file data.csv (CSV, C-alpha atoms)
chain,number,residue,atom,x,y,z
F,28,MET,CA,-48.2,-28.6,-9.4
F,29,LYS,CA,-48.6,-25.6,-11.7
F,30,ASN,CA,-52.2,-26.4,-12.2
F,31,ALA,CA,-52.9,-26.2,-8.5
F,32,GLU,CA,-51.0,-23.0,-8.2
F,33,TRP,CA,-53.0,-21.5,-11.1
F,34,ARG,CA,-56.3,-22.5,-9.4
F,35,MET,CA,-55.2,-20.9,-6.1
F,36,ILE,CA,-54.2,-17.7,-7.8
F,37,SER,CA,-57.4,-17.6,-9.9
F,38,SER,CA,-59.5,-18.3,-6.8
F,39,PHE,CA,-57.8,-15.5,-4.9
F,40,LEU,CA,-58.3,-13.0,-7.8
F,41,LEU,CA,-61.9,-14.0,-8.0
F,42,VAL,CA,-62.5,-13.4,-4.3
F,43,CYS,CA,-60.7,-10.0,-4.6
F,44,LEU,CA,-62.9,-9.1,-7.5
F,45,LEU,CA,-66.1,-10.0,-5.8
F,46,LEU,CA,-65.1,-8.2,-2.6
F,47,SER,CA,-64.3,-5.0,-4.4
F,48,GLY,CA,-68.0,-4.6,-5.3
F,49,CYS,CA,-69.3,-5.2,-1.8
F,50,ALA,CA,-71.2,-2.6,0.1
F,51,GLY,CA,-69.4,-1.0,3.0
F,52,LEU,CA,-66.0,-0.7,1.3
F,53,GLY,CA,-66.6,3.0,0.9
F,54,ASP,CA,-67.4,3.4,4.6
F,55,TRP,CA,-64.7,5.0,6.8
F,56,SER,CA,-64.0,6.8,10.1
F,57,ALA,CA,-61.8,9.8,10.8
F,58,PRO,CA,-60.7,10.5,14.4
F,59,LEU,CA,-61.0,14.1,15.6
F,60,ILE,CA,-60.2,14.5,19.2
F,61,GLU,CA,-60.4,12.2,22.2
F,62,ASP,CA,-63.0,9.5,21.4
F,63,TYR,CA,-64.9,11.7,18.8
F,64,ALA,CA,-64.8,10.8,15.1
F,65,ILE,CA,-66.7,11.3,11.9
F,66,TRP,CA,-68.1,8.1,10.6
F,67,ARG,CA,-69.3,7.6,7.0
F,68,LEU,CA,-71.8,4.8,7.1
F,69,ASN,CA,-72.9,5.2,3.4
F,70,GLY,CA,-73.2,8.0,0.9
F,71,SER,CA,-76.1,9.7,2.7
F,72,HIS,CA,-75.2,8.9,6.3
F,73,VAL,CA,-72.1,10.8,7.7
F,74,VAL,CA,-72.3,11.4,11.4
F,75,LEU,CA,-70.3,12.7,14.4
F,76,VAL,CA,-69.9,10.0,17.0
F,77,ARG,CA,-68.3,9.2,20.3
F,78,GLU,CA,-66.6,5.9,19.8
F,79,ARG,CA,-66.9,3.1,22.4
F,80,ASN,CA,-65.0,-0.2,22.8
F,81,GLY,CA,-62.0,0.9,20.8
F,82,GLY,CA,-64.2,2.1,17.9
F,83,SER,CA,-66.2,-1.1,17.5
F,84,SER,CA,-69.4,0.8,18.5
F,85,ALA,CA,-70.4,4.4,18.9
F,86,GLU,CA,-72.9,6.9,20.2
F,87,THR,CA,-74.2,9.3,17.6
F,88,MET,CA,-73.7,12.9,18.7
F,89,VAL,CA,-74.9,14.7,15.6
F,90,ASP,CA,-76.9,12.7,13.1
F,91,ALA,CA,-76.6,12.7,9.3
F,92,TYR,CA,-75.7,14.5,7.2
F,93,VAL,CA,-72.5,16.0,8.7
F,94,TYR,CA,-71.3,18.3,5.9
F,95,ARG,CA,-68.4,20.2,7.4
F,96,VAL,CA,-66.5,20.2,10.7
F,97,THR,CA,-64.0,22.2,12.6
F,98,TRP,CA,-62.5,21.4,16.0
F,99,ASN,CA,-59.9,22.3,18.6
F,100,GLU,CA,-59.1,20.8,22.1
F,101,GLU,CA,-62.3,22.1,23.6
F,102,PHE,CA,-65.0,22.1,20.9
F,103,ILE,CA,-66.2,20.4,17.8
F,104,CYS,CA,-68.4,22.4,15.5
F,105,VAL,CA,-70.5,20.8,12.8
F,106,GLN,CA,-72.5,22.0,9.8
F,107,ARG,CA,-75.3,19.6,9.2
F,108,THR,CA,-77.6,19.4,6.2
F,109,GLU,CA,-80.2,17.1,4.8
F,110,PRO,CA,-78.7,13.9,3.2
F,111,PRO,CA,-78.5,13.9,-0.6
F,112,GLU,CA,-81.1,12.0,-2.5
F,113,PRO,CA,-80.0,8.5,-3.6
F,114,GLY,CA,-77.8,8.8,-6.6
F,115,LYS,CA,-77.5,12.6,-6.3
F,116,ASP,CA,-74.8,15.0,-5.0
F,117,LEU,CA,-75.4,17.7,-2.4
F,118,PRO,CA,-76.1,21.1,-3.7
F,119,VAL,CA,-73.0,23.4,-4.0
F,120,MET,CA,-74.3,25.6,-1.2
F,121,PRO,CA,-76.7,23.5,0.9
F,122,GLU,CA,-78.7,24.9,3.7
F,123,VAL,CA,-77.0,24.0,7.0
F,124,GLU,CA,-77.7,23.8,10.7
F,125,TYR,CA,-74.9,24.4,13.2
F,126,PHE,CA,-74.0,22.3,16.2
F,127,ILE,CA,-71.4,22.8,18.9
F,128,LEU,CA,-70.1,19.9,21.0
F,129,ARG,CA,-68.2,20.6,24.2
F,130,VAL,CA,-65.5,18.0,24.4
F,131,SER,CA,-65.1,18.1,28.2
F,132,ASP,CA,-68.6,16.8,28.9
F,133,GLY,CA,-70.0,15.7,25.5
F,134,GLU,CA,-72.8,18.2,25.6
F,135,VAL,CA,-74.2,19.1,22.2
F,136,PHE,CA,-75.7,22.6,21.6
F,137,GLY,CA,-77.9,23.2,18.5
F,138,PRO,CA,-79.3,23.2,16.0
F,139,TYR,CA,-78.6,26.9,15.2
F,140,THR,CA,-78.8,29.2,12.3
F,141,ALA,CA,-75.6,30.9,11.3
F,142,ALA,CA,-76.4,34.0,13.4
F,143,GLU,CA,-77.4,31.9,16.4
F,144,TYR,CA,-74.2,29.9,16.0
F,145,GLN,CA,-72.1,33.0,16.2
F,146,THR,CA,-73.9,34.1,19.3
F,147,GLN,CA,-73.6,30.7,21.0
F,148,CYS,CA,-69.8,30.6,20.1
F,149,ARG,CA,-69.4,33.9,22.0
F,150,ASN,CA,-71.5,32.7,24.9
F,151,LEU,CA,-69.5,29.4,25.2
F,152,GLY,CA,-66.1,31.0,24.6
F,153,VAL,CA,-65.5,29.1,21.4
F,154,SER,CA,-62.4,30.5,19.7
F,155,ASP,CA,-59.3,29.6,17.8
F,156,LEU,CA,-61.1,27.2,15.5
F,157,PRO,CA,-59.3,26.3,12.3
F,158,GLU,CA,-61.0,26.5,8.9
F,159,TRP,CA,-64.1,24.4,8.2
F,160,ARG,CA,-63.2,21.0,6.6
F,161,TYR,CA,-65.5,19.1,4.3
F,162,THR,CA,-66.1,15.6,5.9
F,163,GLN,CA,-65.3,14.0,2.6
F,164,ASP,CA,-61.8,15.4,2.8
F,165,LEU,CA,-61.3,13.6,6.1
F,166,ARG,CA,-61.4,10.2,4.5
F,167,PRO,CA,-58.3,8.3,5.5
call {"tool": "encode", "arguments": {"input": "data.csv", "output": "structure tokens"}}
result
Amino acid sequence: MKNAEWRMISSFLLVCLLLSGCAGLGDWSAPLIEDYAIWRLNGSHVVLVRERNGGSSAETMVDAYVYRVTWNEEFICVQRTEPPEPGKDLPVMPEVEYFILRVSDGEVFGPYTAAEYQTQCRNLGVSDLPEWRYTQDLRP
């Protein structure tokens, strides 16, 4: 009996060990507001999506690489940059493009430079946004 228990425990540990190295285990999603979320699909593919079917599928609203995000009840604002090269980190201060998503109708505005973003925020009435958050800090 002990031999069978030992085999079962050993098999379970082996499966756990093998699964811990599988691709996809570092992927995650972080809900923002309504059906919108940040999805990390791999180290160079972090996107803003509108989830469908309870989160089993999604429509990409802003493609990779979503670097930082801020949001309130009305708007989601995104800083997007080029994905890092495989095996490398993003620069400390990457060049970014700005996007604004209006939550009420899903319309995406952008890309903008920093100055254009400020102007568009005034035009759309974007206000009371919290501090920018790095997408990596949203990981559950």
call {"tool": "closest_residue", "arguments": {"input": "data.csv", "among": "F:Lys115, F:Arg166, F:Arg79, F:Arg129", "to": "Gly152 (chain F)", "atoms": "only C-alpha atoms"}}
result
F:Arg129
call {"tool": "atom_distance", "arguments": {"input": "data.csv", "atom1": "CA of Tyr144 (chain F)", "atom2": "CA of Leu128 (chain F)"}}
result
11.9 Å
call {"tool": "residues_around", "arguments": {"input": "data.csv", "residues": "Ala85 (chain F)", "least_positions_apart": "3", "cutoff": "12 Å", "atoms": "only C-alpha atoms", "output": "compact mmCIF listing (two decimals) with C-alpha atoms, in the coordinates of the input"}}
result
# COMPACT_ATOMS: atom_id res chain seq x y z
CA SER F 56 -64.00 6.80 10.10
CA ASP F 62 -63.00 9.50 21.40
CA TYR F 63 -64.90 11.70 18.80
CA ALA F 64 -64.80 10.80 15.10
CA ILE F 65 -66.70 11.30 11.90
CA TRP F 66 -68.10 8.10 10.60
CA LEU F 68 -71.80 4.80 7.10
CA VAL F 74 -72.30 11.40 11.40
CA LEU F 75 -70.30 12.70 14.40
CA VAL F 76 -69.90 10.00 17.00
CA ARG F 77 -68.30 9.20 20.30
CA GLU F 78 -66.60 5.90 19.80
CA ARG F 79 -66.90 3.10 22.40
CA ASN F 80 -65.00 -0.20 22.80
CA GLY F 81 -62.00 0.90 20.80
CA GLY F 82 -64.20 2.10 17.90
CA MET F 88 -73.70 12.90 18.70
CA VAL F 89 -74.90 14.70 15.60
call {"tool": "atom_distance", "arguments": {"input": "data.csv", "atom1": "CA of Gly53 (chain F)", "atom2": "CA of Glu122 (chain F)"}}
result
25.2 Å
call {"tool": "atom_distance", "arguments": {"input": "data.csv", "atom1": "CA of Gly137 (chain F)", "atom2": "CA of Pro167 (chain F)"}}
result
27.8 Å
call {"tool": "closest_residue", "arguments": {"input": "data.csv", "among": "F:Val130, F:Leu151, F:Cys104, F:Val93", "to": "Ile60 (chain F)", "atoms": "all atoms listed in the file"}}
result
F:Val130
call {"tool": "closest_residue", "arguments": {"input": "data.csv", "among": "F:Glu100, F:Gly114, F:Glu158, F:Val123", "to": "Asn69 (chain F)", "atoms": "all atoms listed in the file"}}
result
F:Gly114
call {"tool": "residues_around", "arguments": {"input": "data.csv", "residues": "Ile127 (chain F)", "least_positions_apart": "6", "cutoff": "10 Å", "atoms": "all atoms listed in the file", "output": "list in words"}}
result
Val89, Val96, Thr97, Trp98, Phe102, Ile103, Cys104, Val105, Gln106, Gly133, Glu134, Val135, Phe136, Gly137, Pro138, Tyr139, Tyr144, Gln147, Cys148, Leu151 and Val153 of chain F
call {"tool": "residues_around", "arguments": {"input": "data.csv", "residues": "His72 (chain F)", "least_positions_apart": "4", "cutoff": "8 Å", "atoms": "only C-alpha atoms", "output": "list of chain:residue names"}}
result
F:Arg67, F:Leu68, F:Asp90, F:Ala91, F:Tyr92, F:Val93, F:Pro110
call {"tool": "write_last_selection", "arguments": {"input": "data.csv", "atoms": "C-alpha atoms", "output": "JSON list (two decimals), keeping the file's coordinate frame"}}
result
[["chain", "number", "residue", "atom", "x", "y", "z"],
["F", 67, "ARG", "CA", -69.30, 7.60, 7.00],
["F", 68, "LEU", "CA", -71.80, 4.80, 7.10],
["F", 90, "ASP", "CA", -76.90, 12.70, 13.10],
["F", 91, "ALA", "CA", -76.60, 12.70, 9.30],
["F", 92, "TYR", "CA", -75.70, 14.50, 7.20],
["F", 93, "VAL", "CA", -72.50, 16.00, 8.70],
["F", 110, "PRO", "CA", -78.70, 13.90, 3.20]]
call {"tool": "closest_residue", "arguments": {"input": "data.csv", "among": "F:Ala142, F:Met120, F:Gln163, F:Ser83", "to": "Gly70 (chain F)", "atoms": "all atoms listed in the file"}}
result
F:Gln163
call {"tool": "closest_residue", "arguments": {"input": "data.csv", "among": "F:Pro118, F:Glu109, F:Phe126, F:Pro157", "to": "Glu143 (chain F)", "atoms": "all atoms listed in the file"}}
result
F:Phe126
call {"tool": "residues_near_point", "arguments": {"input": "data.csv", "point": "(-65.0, 21.3, 6.3)", "cutoff": "6 Å", "atoms": "all atoms listed in the file", "output": "list in words"}}
result
Arg95, Val96, Trp159, Arg160, Tyr161 and Thr162 of chain F
call {"tool": "closest_residue", "arguments": {"input": "data.csv", "among": "F:Trp55, F:Tyr125, F:Asn99, F:Thr108", "to": "Leu165 (chain F)", "atoms": "only C-alpha atoms"}}
result
F:Trp55
